[in-house]
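Peer 1: Contents are mmCIF, N, CA and C atoms; file name input.cif:
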```cif
data_coords
loop_
_atom_site.label_atom_id
_atom_site.label_comp_id
_atom_site.auth_asym_id
_atom_site.auth_seq_id
_atom_site.Cartn_x
_atom_site.Cartn_y
_atom_site.Cartn_z
N HIS A 5 18.17 8.81 -21.23
CA HIS A 5 18.28 10.18 -21.69
C HIS A 5 17.94 10.31 -23.17
N ALA A 6 18.12 9.24 -23.92
CA ALA A 6 17.87 9.30 -25.35
C ALA A 6 16.40 9.54 -25.66
N ALA A 7 15.50 8.90 -24.89
CA ALA A 7 14.07 9.10 -25.13
C ALA A 7 13.67 10.53 -24.80
N ARG A 8 14.24 11.07 -23.74
CA ARG A 8 13.95 12.47 -23.37
C ARG A 8 14.45 13.40 -24.46
N ALA A 9 15.65 13.13 -24.96
CA ALA A 9 16.21 13.94 -26.03
C ALA A 9 15.33 13.87 -27.28
N ALA A 10 14.89 12.67 -27.64
CA ALA A 10 14.04 12.51 -28.82
C ALA A 10 12.74 13.29 -28.65
N THR A 11 12.19 13.27 -27.45
CA THR A 11 10.96 14.01 -27.18
C THR A 11 11.20 15.51 -27.33
N LEU A 12 12.29 16.00 -26.77
CA LEU A 12 12.59 17.43 -26.88
C LEU A 12 12.95 17.83 -28.31
N PHE A 13 13.61 16.94 -29.06
CA PHE A 13 13.87 17.24 -30.46
C PHE A 13 12.55 17.39 -31.22
N GLY A 14 11.62 16.48 -30.96
CA GLY A 14 10.31 16.56 -31.62
C GLY A 14 9.60 17.86 -31.30
N ALA A 15 9.65 18.24 -30.02
CA ALA A 15 9.00 19.48 -29.60
C ALA A 15 9.64 20.69 -30.26
N SER A 16 10.96 20.70 -30.32
CA SER A 16 11.64 21.86 -30.92
C SER A 16 11.39 21.93 -32.41
N GLN A 17 11.37 20.80 -33.08
CA GLN A 17 11.09 20.81 -34.51
C GLN A 17 9.68 21.32 -34.80
N ALA A 18 8.72 20.85 -34.01
CA ALA A 18 7.34 21.30 -34.20
C ALA A 18 7.21 22.80 -33.97
N LEU A 19 7.86 23.29 -32.92
CA LEU A 19 7.81 24.72 -32.62
C LEU A 19 8.42 25.53 -33.77
N CYS A 20 9.58 25.12 -34.23
CA CYS A 20 10.22 25.84 -35.34
C CYS A 20 9.33 25.84 -36.58
N GLU A 21 8.71 24.72 -36.88
CA GLU A 21 7.81 24.64 -38.04
C GLU A 21 6.60 25.55 -37.84
N ASN A 22 6.04 25.53 -36.64
CA ASN A 22 4.83 26.32 -36.37
C ASN A 22 5.07 27.82 -36.49
N ILE A 23 6.25 28.27 -36.14
CA ILE A 23 6.53 29.71 -36.21
C ILE A 23 7.31 30.08 -37.46
N GLY A 24 7.61 29.09 -38.29
CA GLY A 24 8.32 29.35 -39.53
C GLY A 24 9.75 29.79 -39.34
N ALA A 25 10.40 29.24 -38.34
CA ALA A 25 11.77 29.63 -38.04
C ALA A 25 12.66 28.39 -37.97
N PRO A 26 13.24 28.00 -39.11
CA PRO A 26 14.14 26.84 -39.07
C PRO A 26 15.39 27.17 -38.27
N ALA A 27 16.06 26.14 -37.83
CA ALA A 27 17.32 26.33 -37.10
C ALA A 27 18.31 27.04 -38.02
N PRO A 28 19.12 27.94 -37.46
CA PRO A 28 20.13 28.60 -38.29
C PRO A 28 21.05 27.56 -38.94
N GLU A 29 21.52 27.85 -40.12
CA GLU A 29 22.34 26.92 -40.90
C GLU A 29 23.46 26.27 -40.09
N PRO A 30 24.27 27.02 -39.32
CA PRO A 30 25.36 26.37 -38.57
C PRO A 30 24.85 25.38 -37.53
N ASP A 31 23.66 25.60 -37.01
CA ASP A 31 23.12 24.72 -35.97
C ASP A 31 22.47 23.47 -36.54
N GLN A 32 22.08 23.49 -37.81
CA GLN A 32 21.37 22.35 -38.39
C GLN A 32 22.20 21.08 -38.38
N ALA A 33 23.48 21.17 -38.66
CA ALA A 33 24.34 19.98 -38.66
C ALA A 33 24.47 19.40 -37.26
N ARG A 34 24.67 20.26 -36.27
CA ARG A 34 24.76 19.78 -34.87
C ARG A 34 23.44 19.16 -34.43
N PHE A 35 22.36 19.79 -34.82
CA PHE A 35 21.02 19.29 -34.47
C PHE A 35 20.81 17.91 -35.09
N SER A 36 21.15 17.77 -36.36
CA SER A 36 21.01 16.48 -37.05
C SER A 36 21.88 15.41 -36.41
N ASP A 37 23.10 15.77 -36.04
CA ASP A 37 23.98 14.82 -35.36
C ASP A 37 23.40 14.36 -34.03
N ALA A 38 22.88 15.31 -33.26
CA ALA A 38 22.32 14.99 -31.95
C ALA A 38 21.09 14.09 -32.10
N ILE A 39 20.25 14.37 -33.10
CA ILE A 39 19.09 13.51 -33.35
C ILE A 39 19.57 12.11 -33.73
N GLY A 40 20.61 12.04 -34.56
CA GLY A 40 21.16 10.74 -34.95
C GLY A 40 21.66 9.94 -33.77
N HIS A 41 22.31 10.61 -32.82
CA HIS A 41 22.80 9.91 -31.61
C HIS A 41 21.63 9.40 -30.77
N ALA A 42 20.60 10.21 -30.62
CA ALA A 42 19.43 9.77 -29.85
C ALA A 42 18.76 8.59 -30.55
N ALA A 43 18.61 8.68 -31.86
CA ALA A 43 17.97 7.60 -32.61
C ALA A 43 18.78 6.31 -32.52
N ALA A 44 20.10 6.43 -32.57
CA ALA A 44 20.96 5.25 -32.50
C ALA A 44 20.89 4.57 -31.13
N ALA A 45 20.58 5.35 -30.10
CA ALA A 45 20.52 4.80 -28.75
C ALA A 45 19.19 4.11 -28.45
N LEU A 46 18.22 4.31 -29.33
CA LEU A 46 16.88 3.74 -29.12
C LEU A 46 16.51 2.83 -30.29
N GLU A 47 15.57 1.96 -30.06
CA GLU A 47 15.00 1.20 -31.16
C GLU A 47 14.16 2.16 -31.98
N ASP A 48 13.96 1.85 -33.26
CA ASP A 48 13.22 2.75 -34.15
C ASP A 48 11.85 3.13 -33.59
N ALA A 49 11.13 2.14 -33.09
CA ALA A 49 9.78 2.40 -32.58
C ALA A 49 9.81 3.32 -31.36
N ALA A 50 10.79 3.11 -30.49
CA ALA A 50 10.89 3.94 -29.28
C ALA A 50 11.25 5.38 -29.65
N PHE A 51 12.17 5.54 -30.61
CA PHE A 51 12.52 6.89 -31.04
C PHE A 51 11.32 7.57 -31.67
N SER A 52 10.63 6.87 -32.57
CA SER A 52 9.47 7.46 -33.25
C SER A 52 8.39 7.85 -32.26
N GLU A 53 8.15 7.01 -31.27
CA GLU A 53 7.13 7.30 -30.26
C GLU A 53 7.51 8.53 -29.43
N ALA A 54 8.74 8.59 -28.99
CA ALA A 54 9.18 9.73 -28.18
C ALA A 54 9.17 11.02 -29.01
N HIS A 55 9.63 10.94 -30.25
CA HIS A 55 9.66 12.10 -31.13
C HIS A 55 8.24 12.61 -31.39
N ALA A 56 7.31 11.70 -31.66
CA ALA A 56 5.92 12.08 -31.91
C ALA A 56 5.29 12.70 -30.66
N ALA A 57 5.63 12.16 -29.50
CA ALA A 57 5.10 12.73 -28.26
C ALA A 57 5.59 14.17 -28.09
N GLY A 58 6.83 14.42 -28.44
CA GLY A 58 7.36 15.78 -28.37
C GLY A 58 6.67 16.72 -29.34
N ARG A 59 6.42 16.24 -30.54
CA ARG A 59 5.75 17.07 -31.54
C ARG A 59 4.33 17.44 -31.10
N ALA A 60 3.73 16.61 -30.28
CA ALA A 60 2.36 16.85 -29.82
C ALA A 60 2.30 17.74 -28.57
N MET A 61 3.44 18.03 -27.97
CA MET A 61 3.47 18.81 -26.72
C MET A 61 3.20 20.29 -26.97
N SER A 62 2.64 20.91 -25.96
CA SER A 62 2.54 22.37 -25.98
C SER A 62 3.93 22.93 -25.64
N VAL A 63 4.11 24.20 -25.89
CA VAL A 63 5.38 24.84 -25.54
C VAL A 63 5.62 24.72 -24.04
N GLN A 64 4.58 24.93 -23.25
CA GLN A 64 4.71 24.86 -21.79
C GLN A 64 5.13 23.46 -21.35
N GLN A 65 4.56 22.43 -21.96
CA GLN A 65 4.94 21.06 -21.60
C GLN A 65 6.39 20.78 -21.96
N ALA A 66 6.82 21.26 -23.13
CA ALA A 66 8.20 21.03 -23.56
C ALA A 66 9.19 21.75 -22.64
N VAL A 67 8.86 22.97 -22.26
CA VAL A 67 9.73 23.72 -21.35
C VAL A 67 9.80 23.01 -19.99
N ALA A 68 8.66 22.55 -19.52
CA ALA A 68 8.64 21.84 -18.23
C ALA A 68 9.50 20.58 -18.29
N LEU A 69 9.41 19.85 -19.40
CA LEU A 69 10.24 18.65 -19.55
C LEU A 69 11.72 19.02 -19.62
N ALA A 70 12.04 20.05 -20.37
CA ALA A 70 13.44 20.47 -20.49
C ALA A 70 14.00 20.92 -19.15
N ARG A 71 13.21 21.62 -18.38
CA ARG A 71 13.68 22.13 -17.09
C ARG A 71 13.70 21.06 -16.01
N SER A 72 12.98 19.97 -16.20
CA SER A 72 12.85 18.96 -15.15
C SER A 72 14.17 18.30 -14.80
N GLY A 73 15.12 18.29 -15.70
CA GLY A 73 16.40 17.67 -15.41
C GLY A 73 17.50 18.65 -15.09
N MET A 74 17.16 19.91 -15.01
CA MET A 74 18.17 20.94 -14.77
C MET A 74 18.32 21.23 -13.29
N PRO A 75 19.52 21.50 -12.85
CA PRO A 75 19.68 21.91 -11.45
C PRO A 75 19.04 23.28 -11.27
N SER A 76 18.51 23.51 -10.11
CA SER A 76 17.88 24.81 -9.87
C SER A 76 18.95 25.88 -9.76
N VAL A 77 18.61 27.04 -10.25
CA VAL A 77 19.54 28.17 -10.24
C VAL A 77 19.11 29.11 -9.13
N PRO A 78 20.00 29.42 -8.19
CA PRO A 78 19.62 30.36 -7.14
C PRO A 78 19.33 31.73 -7.73
N LEU A 79 18.27 32.36 -7.25
CA LEU A 79 17.86 33.65 -7.79
C LEU A 79 18.63 34.82 -7.21
N ALA A 80 19.28 34.67 -6.07
CA ALA A 80 19.96 35.79 -5.44
C ALA A 80 20.98 36.44 -6.38
N PRO A 81 21.86 35.68 -7.07
CA PRO A 81 22.81 36.34 -7.97
C PRO A 81 22.10 37.04 -9.13
N VAL A 82 21.01 36.47 -9.62
CA VAL A 82 20.26 37.08 -10.72
C VAL A 82 19.65 38.40 -10.27
N LYS A 83 19.04 38.40 -9.08
CA LYS A 83 18.45 39.63 -8.55
C LYS A 83 19.52 40.68 -8.28
N ALA A 84 20.67 40.27 -7.78
CA ALA A 84 21.75 41.21 -7.52
C ALA A 84 22.26 41.83 -8.81
N ALA A 85 22.40 41.02 -9.84
CA ALA A 85 22.87 41.53 -11.12
C ALA A 85 21.85 42.51 -11.72
N ALA A 86 20.57 42.19 -11.60
CA ALA A 86 19.54 43.10 -12.11
C ALA A 86 19.57 44.43 -11.35
N ARG A 87 19.76 44.37 -10.06
CA ARG A 87 19.82 45.59 -9.24
C ARG A 87 21.02 46.44 -9.65
N LEU A 88 22.17 45.80 -9.84
CA LEU A 88 23.37 46.53 -10.24
C LEU A 88 23.21 47.16 -11.62
N ALA A 89 22.50 46.47 -12.49
CA ALA A 89 22.32 47.00 -13.85
C ALA A 89 21.44 48.24 -13.87
N THR A 90 20.58 48.39 -12.87
CA THR A 90 19.67 49.55 -12.87
C THR A 90 20.15 50.68 -11.98
N GLU A 91 21.20 50.44 -11.19
CA GLU A 91 21.71 51.49 -10.31
C GLU A 91 22.47 52.54 -11.13
N THR A 92 22.35 53.77 -10.71
CA THR A 92 23.08 54.86 -11.37
C THR A 92 24.39 55.11 -10.63
N PRO A 93 25.47 55.23 -11.38
CA PRO A 93 26.77 55.46 -10.71
C PRO A 93 26.86 56.82 -10.07
#
```
Starting from the coordinates I provided, produce the structure as structure tokens.
Peer 2:
Amino acid sequence: HAARAATLFGASQALCENIGAPAPEPDQARFSDAIGHAAAALEDAAFSEAHAAGRAMSVQQAVALARSGMPSVPLAPVKAAARLATETP
């Protein structure tokens, strides 16, 4: 999981830099801590390689990687909520 995390950290850092939107101040410490944990779990070369691979990813590739480990969310509750939000009482 550490290599995947390092890759996603690289992708998120590149995206933030490209759009000129650094992480909000309260999130920067948590982000730095999480990067530190991923780096500690990998050898330096492995972390650097995974991080660089993330920085080179397109947004679509990064999203696909991030979603690849997530459980699928059933759409029925989402569609029901959207329908309820648009109904007039």
Peer 1: Any idea what the distance is between atom N of Asp37 of chain A and atom CA of Ala68 of chain A?
Peer 2: 23.7 Å
Peer 1: Measuring between only C-alpha atoms, which one of A:Ala49, A:Ala33, A:Val67, A:Leu19 shows the shortest distance to Ala7 of chain A?
Peer 2: A:Ala49
Peer 1: With distances taken over only C-alpha atoms, which of A:Gly58, A:Gly24, A:Pro30, A:Gly40 is nearest to Leu12 of chain A?
Peer 2: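 Nearest to Leu12 of chain A: A:Gly58.
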Peer 1: Given the choices A:Ala18, A:Ala9, A:Ala38, A:Ala27, which gets closest to Arg59 of chain A if the distance is worked out from only C-alpha atoms?
Peer 2: A:Ala18
Peer 1: Rounded to one decimal in Å, what is the spacing between atom C of His5 of chain A and atom CA of His41 of chain A?
Peer 2: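 Taking atom C of His5 of chain A and atom CA of His41 of chain A, their separation equals 9.7 Å.
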Peer 1: Please, what distance in Å, to one decimal, runs between atom N of Ala60 of chain A and atom N of Ala10 of chain A?
Peer 2: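 Spanning atom N of Ala60 of chain A to atom N of Ala10 of chain A is a straight-line distance of 12.1 Å.
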Peer 1: When you count only C-alpha atoms, which of these residues is closest to Leu46 of chain A: A:Ala15, A:Arg34, A:Arg8, A:Ala25?
Peer 2: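 Under the stated criterion, the closest residue is A:Arg8.
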Peer 1: Please, can segment 30-41 of chain A be completed to all heavy atoms and returned as a PDB file, in the frame of the given file?
Peer 2:
```pdb
ATOM      1  N   PRO A  30      24.270  27.020 -39.320  1.00  0.00           N
ATOM      2  CA  PRO A  30      25.360  26.370 -38.570  1.00  0.00           C
ATOM      3  C   PRO A  30      24.850  25.380 -37.530  1.00  0.00           C
ATOM      4  O   PRO A  30      25.540  24.420 -37.201  1.00  0.00           O
ATOM      5  CB  PRO A  30      26.086  27.529 -37.885  1.00  0.00           C
ATOM      6  CG  PRO A  30      25.662  28.752 -38.605  1.00  0.00           C
ATOM      7  CD  PRO A  30      24.302  28.460 -39.175  1.00  0.00           C
ATOM      8  N   ASP A  31      23.660  25.600 -37.010  1.00  0.00           N
ATOM      9  CA  ASP A  31      23.120  24.720 -35.970  1.00  0.00           C
ATOM     10  C   ASP A  31      22.470  23.470 -36.540  1.00  0.00           C
ATOM     11  O   ASP A  31      22.297  22.486 -35.829  1.00  0.00           O
ATOM     12  CB  ASP A  31      22.100  25.471 -35.119  1.00  0.00           C
ATOM     13  CG  ASP A  31      22.728  26.591 -34.320  1.00  0.00           C
ATOM     14  OD1 ASP A  31      23.945  26.503 -34.033  1.00  0.00           O
ATOM     15  OD2 ASP A  31      22.015  27.551 -33.987  1.00  0.00           O
ATOM     16  N   GLN A  32      22.080  23.490 -37.810  1.00  0.00           N
ATOM     17  CA  GLN A  32      21.370  22.350 -38.390  1.00  0.00           C
ATOM     18  C   GLN A  32      22.200  21.080 -38.380  1.00  0.00           C
ATOM     19  O   GLN A  32      21.681  20.004 -38.089  1.00  0.00           O
ATOM     20  CB  GLN A  32      20.896  22.682 -39.804  1.00  0.00           C
ATOM     21  CG  GLN A  32      19.749  23.664 -39.824  1.00  0.00           C
ATOM     22  CD  GLN A  32      19.280  24.009 -41.218  1.00  0.00           C
ATOM     23  OE1 GLN A  32      19.817  23.514 -42.209  1.00  0.00           O
ATOM     24  NE2 GLN A  32      18.279  24.863 -41.304  1.00  0.00           N
ATOM     25  N   ALA A  33      23.480  21.170 -38.660  1.00  0.00           N
ATOM     26  CA  ALA A  33      24.340  19.980 -38.660  1.00  0.00           C
ATOM     27  C   ALA A  33      24.470  19.400 -37.260  1.00  0.00           C
ATOM     28  O   ALA A  33      24.353  18.182 -37.067  1.00  0.00           O
ATOM     29  CB  ALA A  33      25.716  20.310 -39.226  1.00  0.00           C
ATOM     30  N   ARG A  34      24.670  20.260 -36.270  1.00  0.00           N
ATOM     31  CA  ARG A  34      24.760  19.780 -34.870  1.00  0.00           C
ATOM     32  C   ARG A  34      23.440  19.160 -34.430  1.00  0.00           C
ATOM     33  O   ARG A  34      23.415  18.146 -33.746  1.00  0.00           O
ATOM     34  CB  ARG A  34      25.155  20.921 -33.939  1.00  0.00           C
ATOM     35  CG  ARG A  34      26.588  21.335 -34.062  1.00  0.00           C
ATOM     36  CD  ARG A  34      26.998  22.236 -32.929  1.00  0.00           C
ATOM     37  NE  ARG A  34      26.011  23.278 -32.686  1.00  0.00           N
ATOM     38  CZ  ARG A  34      26.271  24.567 -32.610  1.00  0.00           C
ATOM     39  NH1 ARG A  34      27.499  24.992 -32.739  1.00  0.00           N
ATOM     40  NH2 ARG A  34      25.321  25.437 -32.389  1.00  0.00           N
ATOM     41  N   PHE A  35      22.360  19.790 -34.820  1.00  0.00           N
ATOM     42  CA  PHE A  35      21.020  19.290 -34.470  1.00  0.00           C
ATOM     43  C   PHE A  35      20.810  17.910 -35.090  1.00  0.00           C
ATOM     44  O   PHE A  35      20.372  16.981 -34.419  1.00  0.00           O
ATOM     45  CB  PHE A  35      19.973  20.296 -34.966  1.00  0.00           C
ATOM     46  CG  PHE A  35      18.590  20.052 -34.459  1.00  0.00           C
ATOM     47  CD1 PHE A  35      18.254  20.343 -33.148  1.00  0.00           C
ATOM     48  CD2 PHE A  35      17.610  19.552 -35.295  1.00  0.00           C
ATOM     49  CE1 PHE A  35      16.968  20.130 -32.672  1.00  0.00           C
ATOM     50  CE2 PHE A  35      16.326  19.337 -34.828  1.00  0.00           C
ATOM     51  CZ  PHE A  35      16.012  19.629 -33.509  1.00  0.00           C
ATOM     52  N   SER A  36      21.150  17.770 -36.360  1.00  0.00           N
ATOM     53  CA  SER A  36      21.010  16.480 -37.050  1.00  0.00           C
ATOM     54  C   SER A  36      21.880  15.410 -36.410  1.00  0.00           C
ATOM     55  O   SER A  36      21.444  14.259 -36.248  1.00  0.00           O
ATOM     56  CB  SER A  36      21.353  16.611 -38.529  1.00  0.00           C
ATOM     57  OG  SER A  36      20.416  17.425 -39.170  1.00  0.00           O
ATOM     58  N   ASP A  37      23.100  15.770 -36.040  1.00  0.00           N
ATOM     59  CA  ASP A  37      23.980  14.820 -35.360  1.00  0.00           C
ATOM     60  C   ASP A  37      23.400  14.360 -34.030  1.00  0.00           C
ATOM     61  O   ASP A  37      23.430  13.181 -33.694  1.00  0.00           O
ATOM     62  CB  ASP A  37      25.373  15.424 -35.126  1.00  0.00           C
ATOM     63  CG  ASP A  37      26.195  15.529 -36.386  1.00  0.00           C
ATOM     64  OD1 ASP A  37      25.833  14.896 -37.398  1.00  0.00           O
ATOM     65  OD2 ASP A  37      27.207  16.252 -36.350  1.00  0.00           O
ATOM     66  N   ALA A  38      22.880  15.310 -33.260  1.00  0.00           N
ATOM     67  CA  ALA A  38      22.320  14.990 -31.950  1.00  0.00           C
ATOM     68  C   ALA A  38      21.090  14.090 -32.100  1.00  0.00           C
ATOM     69  O   ALA A  38      20.922  13.127 -31.339  1.00  0.00           O
ATOM     70  CB  ALA A  38      21.955  16.268 -31.205  1.00  0.00           C
ATOM     71  N   ILE A  39      20.250  14.370 -33.100  1.00  0.00           N
ATOM     72  CA  ILE A  39      19.090  13.510 -33.350  1.00  0.00           C
ATOM     73  C   ILE A  39      19.570  12.110 -33.730  1.00  0.00           C
ATOM     74  O   ILE A  39      19.020  11.106 -33.277  1.00  0.00           O
ATOM     75  CB  ILE A  39      18.191  14.104 -34.448  1.00  0.00           C
ATOM     76  CG1 ILE A  39      17.499  15.362 -33.921  1.00  0.00           C
ATOM     77  CG2 ILE A  39      17.154  13.092 -34.914  1.00  0.00           C
ATOM     78  CD1 ILE A  39      16.713  16.115 -34.967  1.00  0.00           C
ATOM     79  N   GLY A  40      20.610  12.040 -34.560  1.00  0.00           N
ATOM     80  CA  GLY A  40      21.160  10.740 -34.950  1.00  0.00           C
ATOM     81  C   GLY A  40      21.660   9.940 -33.770  1.00  0.00           C
ATOM     82  O   GLY A  40      21.449   8.719 -33.690  1.00  0.00           O
ATOM     83  N   HIS A  41      22.310  10.610 -32.820  1.00  0.00           N
ATOM     84  CA  HIS A  41      22.800   9.910 -31.610  1.00  0.00           C
ATOM     85  C   HIS A  41      21.630   9.400 -30.770  1.00  0.00           C
ATOM     86  O   HIS A  41      21.680   8.272 -30.258  1.00  0.00           O
ATOM     87  CB  HIS A  41      23.681  10.835 -30.765  1.00  0.00           C
ATOM     88  CG  HIS A  41      25.010  11.108 -31.366  1.00  0.00           C
ATOM     89  ND1 HIS A  41      25.965  10.133 -31.565  1.00  0.00           N
ATOM     90  CD2 HIS A  41      25.560  12.254 -31.823  1.00  0.00           C
ATOM     91  CE1 HIS A  41      27.033  10.664 -32.123  1.00  0.00           C
ATOM     92  NE2 HIS A  41      26.813  11.952 -32.293  1.00  0.00           N
TER      93      HIS A  41
END
```
